[in-house]
file start34.cif (mmCIF, C-alpha atoms)
data_protein
#
loop_
_atom_site.label_atom_id
_atom_site.label_comp_id
_atom_site.auth_asym_id
_atom_site.auth_seq_id
_atom_site.Cartn_x
_atom_site.Cartn_y
_atom_site.Cartn_z
CA MET Z 23 16.44 34.81 18.98
CA GLU Z 24 15.55 33.44 22.39
CA ALA Z 25 13.06 31.00 20.92
CA GLY Z 26 15.65 29.67 18.51
CA LEU Z 27 18.01 29.05 21.38
CA GLU Z 28 15.44 26.94 23.14
CA LEU Z 29 15.81 24.33 20.43
CA ALA Z 30 19.55 24.85 20.66
CA LEU Z 31 19.51 23.75 24.28
CA LYS Z 32 18.08 20.38 23.30
CA PRO Z 33 20.03 19.11 20.30
CA GLY Z 34 20.77 15.97 22.29
CA MET Z 35 17.06 15.35 22.64
CA PHE Z 36 16.55 15.91 18.92
CA TYR Z 37 19.24 13.38 17.98
CA ALA Z 38 17.95 10.84 20.50
CA LEU Z 39 14.43 11.13 19.08
CA ALA Z 40 15.76 11.00 15.51
CA ILE Z 41 17.70 7.80 16.20
CA LEU Z 42 14.65 6.31 17.94
CA ALA Z 43 12.47 7.19 14.94
CA LEU Z 44 14.96 5.67 12.48
CA ILE Z 45 15.45 2.46 14.46
CA SER Z 46 11.73 1.92 14.92
CA ALA Z 47 11.09 2.72 11.23
CA VAL Z 48 13.60 0.04 10.23
CA LEU Z 49 11.90 -2.37 12.62
CA VAL Z 50 8.51 -1.52 11.04
CA ILE Z 51 9.62 -2.76 7.65
CA SER Z 52 11.66 -5.72 8.93
CA ARG Z 53 9.40 -7.43 11.50
CA LYS Z 54 7.73 -10.63 10.36
CA ASN Z 55 4.55 -10.10 12.37
CA PRO Z 56 2.46 -7.12 11.15
CA VAL Z 57 1.23 -6.49 14.71
CA HIS Z 58 4.84 -5.86 15.76
CA SER Z 59 5.27 -3.60 12.73
CA ALA Z 60 2.22 -1.60 13.80
CA LEU Z 61 3.52 -1.23 17.36
CA TRP Z 62 6.93 -0.05 16.13
CA LEU Z 63 5.16 2.35 13.79
CA ILE Z 64 3.42 3.85 16.84
CA LEU Z 65 6.86 4.42 18.40
CA THR Z 66 7.99 6.15 15.19
CA PHE Z 67 4.96 8.43 15.33
CA VAL Z 68 5.51 9.24 19.01
CA SER Z 69 9.17 10.13 18.46
CA LEU Z 70 8.20 12.29 15.48
CA ALA Z 71 5.66 14.04 17.72
CA GLY Z 72 8.53 14.77 20.11
CA ILE Z 73 10.55 16.25 17.25
CA TYR Z 74 7.54 18.40 16.28
CA LEU Z 75 7.46 19.70 19.85
CA LEU Z 76 11.14 20.61 19.62
CA LEU Z 77 10.42 22.37 16.32
CA ARG Z 78 7.77 24.51 18.05
CA ALA Z 79 4.86 22.84 16.28
CA GLU Z 80 2.86 22.08 19.41
CA PHE Z 81 -0.54 21.71 17.77
CA VAL Z 82 0.81 19.44 15.04
CA ALA Z 83 2.52 17.31 17.70
CA VAL Z 84 -0.75 16.82 19.57
CA VAL Z 85 -2.61 16.07 16.32
CA GLN Z 86 0.11 13.57 15.43
CA LEU Z 87 -0.38 11.78 18.76
CA LEU Z 88 -4.19 11.86 18.70
CA ILE Z 89 -4.89 11.11 15.03
CA TYR Z 90 -1.86 9.08 13.97
CA ALA Z 91 -0.66 7.21 17.04
CA GLY Z 92 -4.21 6.99 18.38
CA GLY Z 93 -6.80 6.83 15.63
CA ILE Z 94 -5.09 5.57 12.50
CA MET Z 95 -3.00 2.93 14.25
CA ILE Z 96 -6.06 1.54 16.02
CA LEU Z 97 -7.63 1.23 12.57
CA TYR Z 98 -4.55 -0.65 11.36
CA LEU Z 99 -4.55 -2.99 14.34
CA PHE Z 100 -8.25 -3.73 13.79
CA ALA Z 101 -7.58 -4.47 10.12
CA ILE Z 102 -4.78 -6.85 11.11
CA MET Z 103 -7.15 -8.61 13.51
CA PHE Z 104 -9.78 -8.94 10.75
CA VAL Z 105 -7.58 -10.81 8.32
CA ALA Z 106 -5.68 -14.04 8.74
CA PHE Z 107 -2.29 -14.52 7.13
CA ARG Z 108 0.74 -16.73 7.28
CA LYS Z 109 3.50 -14.80 9.02
CA GLU Z 110 6.31 -16.33 6.97
CA ASP Z 111 4.63 -15.07 3.77
CA SER Z 112 4.78 -11.54 5.02
CA ILE Z 113 8.55 -11.15 4.82
CA GLN Z 114 9.39 -13.58 2.05
CA PRO Z 115 10.43 -11.80 -1.18
CA ILE Z 116 8.35 -12.33 -4.32
CA TYR Z 117 11.21 -12.05 -6.80
CA HIS Z 118 14.79 -13.24 -6.58
CA GLY Z 119 17.02 -10.46 -5.25
CA GLN Z 120 14.07 -8.19 -4.59
CA ARG Z 121 15.33 -7.05 -1.21
CA GLY Z 122 18.78 -6.10 -2.49
CA VAL Z 123 17.33 -4.11 -5.38
CA ALA Z 124 14.88 -2.35 -3.06
CA VAL Z 125 17.62 -1.37 -0.59
CA LEU Z 126 19.77 -0.14 -3.48
CA LEU Z 127 16.88 1.96 -4.81
CA GLY Z 128 16.25 3.36 -1.33
CA LEU Z 129 19.91 4.29 -0.94
CA ALA Z 130 19.91 5.80 -4.44
CA LEU Z 131 16.89 7.95 -3.53
CA PHE Z 132 18.60 9.04 -0.31
CA ALA Z 133 21.81 9.87 -2.19
CA LEU Z 134 19.88 11.79 -4.85
CA ILE Z 135 18.09 14.08 -2.37
CA PHE Z 136 21.26 14.36 -0.28
CA ALA Z 137 23.18 15.54 -3.35
CA LEU Z 138 20.38 17.98 -4.16
CA LEU Z 139 20.53 19.48 -0.67
CA TRP Z 140 24.31 19.54 -0.87
CA THR Z 141 24.32 21.52 -4.12
CA LEU Z 142 21.70 23.92 -2.77
CA GLY Z 143 23.93 24.61 0.23
CA GLY Z 144 23.17 28.08 1.50
CA ASP Z 145 22.70 29.13 5.09
CA LEU Z 146 19.77 26.92 5.91
CA THR Z 147 20.39 27.29 9.63
CA GLN Z 148 19.10 30.88 9.78
CA ALA Z 149 15.81 32.37 10.98
CA PRO Z 150 15.00 31.06 14.45
CA PRO Z 151 11.29 30.41 14.98
CA GLY Z 152 8.96 32.81 16.76
CA GLU Z 153 7.97 32.46 20.38
CA THR Z 154 4.43 31.18 19.76
CA LEU Z 155 4.69 29.74 16.28
CA GLY Z 156 2.71 26.51 16.49
CA VAL Z 157 0.43 26.99 19.48
CA PRO Z 158 -3.25 26.05 18.91
CA ALA Z 159 -4.43 29.67 19.05
CA GLU Z 160 -2.14 30.68 16.17
CA VAL Z 161 -2.88 27.59 14.10
CA GLY Z 162 -6.63 27.92 14.69
CA GLY Z 163 -6.60 31.59 13.82
CA LYS Z 164 -4.80 30.93 10.57
CA MET Z 165 -6.97 27.94 9.73
CA PHE Z 166 -10.28 29.71 10.21
CA THR Z 167 -9.25 32.79 8.24
CA ASP Z 168 -6.81 32.12 5.40
CA PHE Z 169 -7.48 28.40 5.09
CA LEU Z 170 -11.21 28.30 5.73
CA LEU Z 171 -12.17 26.86 2.33
CA PRO Z 172 -9.67 23.95 2.43
CA PHE Z 173 -10.76 23.31 6.01
CA GLU Z 174 -14.39 22.97 4.93
CA LEU Z 175 -13.43 20.88 1.91
CA ILE Z 176 -11.49 18.45 4.08
CA SER Z 177 -14.67 17.81 6.06
CA ILE Z 178 -16.40 16.78 2.82
CA LEU Z 179 -13.44 14.54 1.98
CA LEU Z 180 -13.67 12.86 5.38
CA LEU Z 181 -17.42 12.39 4.98
CA VAL Z 182 -16.88 10.78 1.58
CA ALA Z 183 -14.18 8.55 3.09
CA ILE Z 184 -16.52 7.47 5.90
CA ILE Z 185 -19.31 6.64 3.45
CA GLY Z 186 -16.85 4.85 1.19
CA ALA Z 187 -15.43 2.81 4.05
CA VAL Z 188 -18.92 1.81 5.23
CA ALA Z 189 -20.00 0.91 1.69
CA LEU Z 190 -16.87 -1.18 1.13
CA GLY Z 191 -17.09 -2.83 4.52
CA LYS Z 192 -20.63 -4.04 3.95
CA LYS Z 193 -21.09 -7.73 3.34
CA ARG Z 194 -22.49 -7.39 -0.18
CA LEU Z 195 -21.14 -5.11 -2.84
CA LEU Z 196 -23.30 -3.80 -5.71
CA GLY Z 197 -26.54 -4.24 -3.75
CA GLY Z 198 -26.27 -8.02 -3.68
CA LYS Z 199 -27.11 -8.38 -7.36
CA GLU Z 200 -23.71 -9.54 -8.46
CA ASP Z 201 -22.79 -11.54 -5.44
CA PHE Z 202 -19.07 -12.03 -5.80
CA THR Z 203 -18.39 -11.28 -2.17
CA GLU Z 204 -19.64 -14.69 -1.16
CA LYS Z 205 -17.30 -16.58 -3.44
CA GLY Z 206 -14.44 -16.59 -0.98
CA ASP Z 207 -16.44 -18.05 1.89
CA MET B 15 20.90 24.83 17.33
CA VAL B 16 20.04 21.82 15.25
CA PRO B 17 20.78 22.69 11.62
CA LEU B 18 17.90 22.53 9.18
CA ASN B 19 19.79 19.97 7.13
CA HIS B 20 19.77 17.42 9.96
CA CYS B 21 15.97 17.54 10.15
CA LEU B 22 15.82 17.10 6.38
CA TRP B 23 18.25 14.18 6.50
CA LEU B 24 16.04 12.48 9.05
CA SER B 25 13.05 13.10 6.79
CA MET B 26 14.91 11.72 3.77
CA ALA B 27 16.02 8.65 5.68
CA LEU B 28 12.48 7.95 6.87
CA PHE B 29 11.17 8.36 3.32
CA ALA B 30 13.83 5.99 1.96
CA ILE B 31 12.99 3.42 4.65
CA GLY B 32 9.34 3.74 3.64
CA VAL B 33 10.24 3.18 -0.01
CA VAL B 34 12.28 0.09 0.85
CA GLY B 35 9.40 -1.29 2.91
CA PHE B 36 6.97 -0.57 0.11
CA LEU B 37 9.14 -2.42 -2.39
CA THR B 38 10.02 -5.43 -0.24
CA ARG B 39 6.97 -6.36 1.80
CA ARG B 40 4.37 -8.82 0.62
CA ASN B 41 1.68 -8.10 3.19
CA ILE B 42 -0.58 -5.28 2.00
CA ILE B 43 -1.06 -3.98 5.56
CA VAL B 44 2.68 -3.50 5.99
CA VAL B 45 2.82 -1.86 2.55
CA PHE B 46 0.22 0.62 3.84
CA MET B 47 2.34 1.20 6.93
CA SER B 48 5.31 1.99 4.68
CA VAL B 49 3.14 4.56 2.91
CA GLU B 50 2.33 6.07 6.30
CA LEU B 51 6.06 6.28 7.00
CA MET B 52 6.52 8.24 3.77
CA PHE B 53 3.62 10.53 4.71
CA ASN B 54 5.34 11.23 8.02
CA ALA B 55 8.66 11.92 6.33
CA ALA B 56 6.96 14.52 4.13
CA ASN B 57 5.21 15.98 7.18
CA LEU B 58 8.52 16.30 8.99
CA SER B 59 9.95 18.24 6.04
CA LEU B 60 6.95 20.56 6.02
CA VAL B 61 7.14 21.21 9.76
CA THR B 62 10.89 21.79 9.55
CA PHE B 63 10.57 24.37 6.79
CA SER B 64 7.61 25.94 8.57
CA THR B 65 9.69 26.38 11.71
CA TYR B 66 12.78 27.68 9.98
CA LEU B 67 10.84 30.09 7.77
CA ASN B 68 8.83 31.16 10.80
CA SER B 69 5.60 30.69 8.87
CA LEU B 70 2.54 28.68 9.83
CA ARG B 71 1.62 27.56 6.32
CA GLY B 72 3.64 24.37 6.49
CA GLN B 73 2.00 23.32 9.74
CA ILE B 74 -1.51 23.96 8.37
CA PHE B 75 -0.56 21.86 5.36
CA VAL B 76 0.61 19.06 7.66
CA ILE B 77 -2.79 19.03 9.36
CA PHE B 78 -4.46 18.65 5.96
CA VAL B 79 -2.02 15.88 5.04
CA ILE B 80 -2.91 14.06 8.27
CA SER B 81 -6.63 14.39 7.43
CA VAL B 82 -6.04 12.96 3.95
CA ALA B 83 -3.93 10.16 5.47
CA ALA B 84 -6.78 9.32 7.85
CA ALA B 85 -9.22 9.17 4.92
CA GLU B 86 -6.73 7.07 2.96
CA ALA B 87 -6.28 4.65 5.85
CA ALA B 88 -10.05 4.27 6.36
CA VAL B 89 -10.81 3.60 2.68
CA GLY B 90 -7.66 1.56 2.08
CA LEU B 91 -8.28 -0.74 5.01
CA ALA B 92 -11.96 -1.12 4.03
CA ILE B 93 -10.80 -2.16 0.55
CA LEU B 94 -8.35 -4.56 2.20
CA VAL B 95 -11.08 -6.20 4.29
CA ALA B 96 -13.36 -6.49 1.23
CA LEU B 97 -10.43 -7.94 -0.73
CA TYR B 98 -9.72 -10.46 2.00
CA ARG B 99 -13.37 -11.48 1.97
CA ASN B 100 -13.16 -12.11 -1.77
CA ARG B 101 -9.76 -13.68 -2.16
CA ALA B 102 -8.82 -14.83 1.37
CA THR B 103 -5.33 -13.36 1.00
CA VAL B 104 -3.45 -10.16 1.84
CA ASN B 105 -0.34 -10.93 -0.19
CA THR B 106 0.39 -8.44 -2.94
CA ASP B 107 1.56 -11.07 -5.43
CA GLU B 108 -1.66 -13.06 -5.12
CA VAL B 109 -3.89 -10.09 -5.85
CA ASP B 110 -3.50 -9.98 -9.62
CA MET B 111 -7.03 -9.96 -11.01
CA MET B 112 -6.45 -6.53 -12.57
CA LYS B 113 -3.16 -7.62 -14.10
CA TRP B 114 -3.32 -7.93 -17.85
#

call {"tool": "encode", "arguments": {"input": "start34.cif", "output": "structure tokens"}}
result
Amino acid sequence: MEAGLELALKPGMFYALAILALISAVLVISRKNPVHSALWLILTFVSLAGIYLLLRAEFVAVVQLLIYAGGIMILYLFAIMFVAFRKEDSIQPIYHGQRGVAVLLGLALFALIFALLWTLGGDLTQAPPGETLGVPAEVGGKMFTDFLLPFELISILLLVAIIGAVALGKKRLLGGKEDFTEKGD
Amino acid sequence: MVPLNHCLWLSMALFAIGVVGFLTRRNIIVVFMSVELMFNAANLSLVTFSTYLNSLRGQIFVIFVISVAAAEAAVGLAILVALYRNRATVNTDEVDMMKW
């Protein structure tokens, strides 16, 4: 019960981080310059990491900061630097009324899940978390016992992704025989 | 104590924002970023339920999701760079060679 109260002491912090995450998420999808989008996305990730900390998921919060805000976003920024684009193209809709329809669909999705949660109701505020729920020792213990096979499989997935990324990033695809990579130059 | 529903509302809102970005943006990189937003919304749901059920399974799952997202970002951005080399564009409407 004590651990649950710890989150209770900081609802203000939760709502501040939630509003920060929402505002920066809206800015991600509305900025013209993709570099600005990427920087706002980093802010979204950082505020979500703060929320994870409040939810007693310490290890996940650190992983979020290291892998997402650090690694993946650096990859995105590099990709943005590699390609050239016209900024005004980035925000301009392809179809007439596309933006309105998209916002309507987003609101419809929100309303749908909201209604689902509403009908479920129930006392979803119960069961305060344990004292040491998400600390690295607990997560590591669980991961190397119950989830050992998925953990090993994910390493193979990452290896395949690395090889795939290197193969795709090479100058010539298909061993240079069918040389369609040079066409754009 | 922050009710579970408020965490889920935040997650839903982030997911909806990601969907809107996915549907409106023309730049493939920003479309990828919208997908990352949706990943994070799902992760937030998983962490929330993990905390409120006092079980670690959700958090372990989130770590796997982050690994898959890292793999997706690496391969996706490599495809993007290869695509840019071929077509000199990153606009979704101009990449239509697989369109029938």

call {"tool": "atom_distance", "arguments": {"input": "start34.cif", "atom1": "CA of Ile94 (chain Z)", "atom2": "CA of Val49 (chain B)"}}
result
12.7 Å

call {"tool": "resolve_selection", "arguments": {"input": "start34.cif", "expression": "the PyMOL selection byres ((chain B and resi 94) around 10)", "output": "list of chain:residue names"}}
result
Z:Ala101, Z:Ile102, Z:Phe104, Z:Val105, Z:Leu190, Z:Gly191, B:Ile42, B:Ile43, B:Ala88, B:Val89, B:Gly90, B:Leu91, B:Ala92, B:Ile93, B:Val95, B:Ala96, B:Leu97, B:Tyr98, B:Arg99, B:Asn100, B:Thr103, B:Val104

call {"tool": "residues_around", "arguments": {"input": "start34.cif", "residues": "Leu99 (chain Z)", "least_positions_apart": "6", "cutoff": "10 Å", "atoms": "all atoms listed in the file", "output": "list in words"}}
result
Pro56, Val57, His58, Ser59, Ala60 and Leu61 of chain Z; Ile43 of chain B

call {"tool": "closest_residue", "arguments": {"input": "start34.cif", "among": "Z:Ala130, Z:Ala137, Z:Leu180, Z:Leu63", "to": "Tyr90 (chain Z)", "atoms": "all atoms listed in the file"}}
result
Z:Leu63

call {"tool": "residues_near_point", "arguments": {"input": "start34.cif", "point": "(-3.3, 17.5, 4.4)", "cutoff": "12 Å", "atoms": "all atoms listed in the file", "output": "ChimeraX atom specification"}}
result
/Z:82,169,172-173,175-177,179-180 /B:53-54,56-57,60,71-86

call {"tool": "decode", "arguments": {"input": "start34.cif", "residues": "region 37-65 of chain Z", "atoms": "N, CA, C and O atoms", "output": "compact mmCIF listing (two decimals), in the first residue's frame"}}
result
# COMPACT_ATOMS: atom_id res chain seq x y z
N TYR Z 37 0.38 14.44 -14.42
CA TYR Z 37 -0.41 15.22 -15.38
C TYR Z 37 0.47 16.19 -16.14
O TYR Z 37 0.26 16.41 -17.34
N ALA Z 38 1.48 16.76 -15.46
CA ALA Z 38 2.39 17.66 -16.17
C ALA Z 38 3.11 16.92 -17.28
O ALA Z 38 3.19 17.38 -18.43
N LEU Z 39 3.62 15.72 -16.96
CA LEU Z 39 4.34 14.94 -17.97
C LEU Z 39 3.40 14.50 -19.09
O LEU Z 39 3.79 14.49 -20.27
N ALA Z 40 2.15 14.17 -18.73
CA ALA Z 40 1.20 13.73 -19.74
C ALA Z 40 0.91 14.86 -20.72
O ALA Z 40 0.89 14.66 -21.94
N ILE Z 41 0.70 16.07 -20.17
CA ILE Z 41 0.40 17.21 -21.04
C ILE Z 41 1.61 17.52 -21.92
O ILE Z 41 1.49 17.78 -23.12
N LEU Z 42 2.81 17.43 -21.32
CA LEU Z 42 4.04 17.65 -22.10
C LEU Z 42 4.14 16.65 -23.24
O LEU Z 42 4.43 17.00 -24.40
N ALA Z 43 3.85 15.38 -22.93
CA ALA Z 43 3.93 14.34 -23.97
C ALA Z 43 2.92 14.60 -25.08
O ALA Z 43 3.25 14.48 -26.26
N LEU Z 44 1.70 15.01 -24.70
CA LEU Z 44 0.67 15.24 -25.72
C LEU Z 44 1.02 16.43 -26.59
O LEU Z 44 0.92 16.35 -27.82
N ILE Z 45 1.46 17.52 -25.95
CA ILE Z 45 1.80 18.72 -26.73
C ILE Z 45 2.93 18.41 -27.70
O ILE Z 45 2.88 18.74 -28.89
N SER Z 46 3.98 17.74 -27.19
CA SER Z 46 5.11 17.48 -28.09
C SER Z 46 4.73 16.48 -29.16
O SER Z 46 5.23 16.55 -30.29
N ALA Z 47 3.80 15.54 -28.86
CA ALA Z 47 3.36 14.60 -29.90
C ALA Z 47 2.62 15.34 -31.01
O ALA Z 47 2.81 15.06 -32.20
N VAL Z 48 1.77 16.31 -30.61
CA VAL Z 48 1.06 17.09 -31.63
C VAL Z 48 2.06 17.88 -32.46
O VAL Z 48 1.94 17.99 -33.69
N LEU Z 49 3.11 18.42 -31.79
CA LEU Z 49 4.11 19.18 -32.54
C LEU Z 49 4.90 18.27 -33.48
O LEU Z 49 5.31 18.71 -34.56
N VAL Z 50 5.08 16.99 -33.10
CA VAL Z 50 5.80 16.06 -33.98
C VAL Z 50 5.10 15.95 -35.32
O VAL Z 50 5.73 16.00 -36.37
N ILE Z 51 3.77 15.81 -35.28
CA ILE Z 51 3.06 15.57 -36.54
C ILE Z 51 2.69 16.86 -37.25
O ILE Z 51 2.18 16.82 -38.35
N SER Z 52 2.94 18.04 -36.61
CA SER Z 52 2.51 19.27 -37.27
C SER Z 52 3.66 20.15 -37.73
O SER Z 52 3.43 21.11 -38.45
N ARG Z 53 4.90 19.85 -37.32
CA ARG Z 53 6.02 20.71 -37.75
C ARG Z 53 6.36 20.44 -39.21
O ARG Z 53 6.29 19.32 -39.69
N LYS Z 54 6.73 21.52 -39.91
CA LYS Z 54 7.06 21.40 -41.32
C LYS Z 54 8.41 20.72 -41.51
O LYS Z 54 8.59 19.88 -42.38
N ASN Z 55 9.36 21.08 -40.66
CA ASN Z 55 10.73 20.58 -40.79
C ASN Z 55 10.87 19.25 -40.04
O ASN Z 55 10.64 19.21 -38.82
N PRO Z 56 11.22 18.15 -40.72
CA PRO Z 56 11.35 16.86 -40.03
C PRO Z 56 12.38 16.86 -38.90
O PRO Z 56 12.24 16.08 -37.95
N VAL Z 57 13.39 17.74 -38.96
CA VAL Z 57 14.35 17.79 -37.86
C VAL Z 57 13.65 18.27 -36.59
O VAL Z 57 13.85 17.73 -35.50
N HIS Z 58 12.77 19.28 -36.74
CA HIS Z 58 12.01 19.74 -35.57
C HIS Z 58 11.11 18.63 -35.06
O HIS Z 58 10.99 18.43 -33.84
N SER Z 59 10.47 17.90 -35.98
CA SER Z 59 9.63 16.77 -35.58
C SER Z 59 10.43 15.79 -34.74
O SER Z 59 9.97 15.34 -33.69
N ALA Z 60 11.65 15.47 -35.20
CA ALA Z 60 12.47 14.50 -34.48
C ALA Z 60 12.81 15.02 -33.09
O ALA Z 60 12.77 14.27 -32.11
N LEU Z 61 13.12 16.32 -32.98
CA LEU Z 61 13.48 16.87 -31.67
C LEU Z 61 12.28 16.84 -30.72
O LEU Z 61 12.41 16.52 -29.53
N TRP Z 62 11.08 17.16 -31.26
CA TRP Z 62 9.89 17.09 -30.40
C TRP Z 62 9.59 15.64 -30.02
O TRP Z 62 9.11 15.38 -28.91
N LEU Z 63 9.88 14.72 -30.94
CA LEU Z 63 9.66 13.31 -30.62
C LEU Z 63 10.56 12.88 -29.45
O LEU Z 63 10.14 12.11 -28.59
N ILE Z 64 11.79 13.42 -29.41
CA ILE Z 64 12.68 13.12 -28.28
C ILE Z 64 12.05 13.59 -26.98
O ILE Z 64 12.07 12.89 -25.97
N LEU Z 65 11.42 14.79 -27.02
CA LEU Z 65 10.77 15.30 -25.80
C LEU Z 65 9.62 14.39 -25.39
O LEU Z 65 9.43 14.11 -24.19
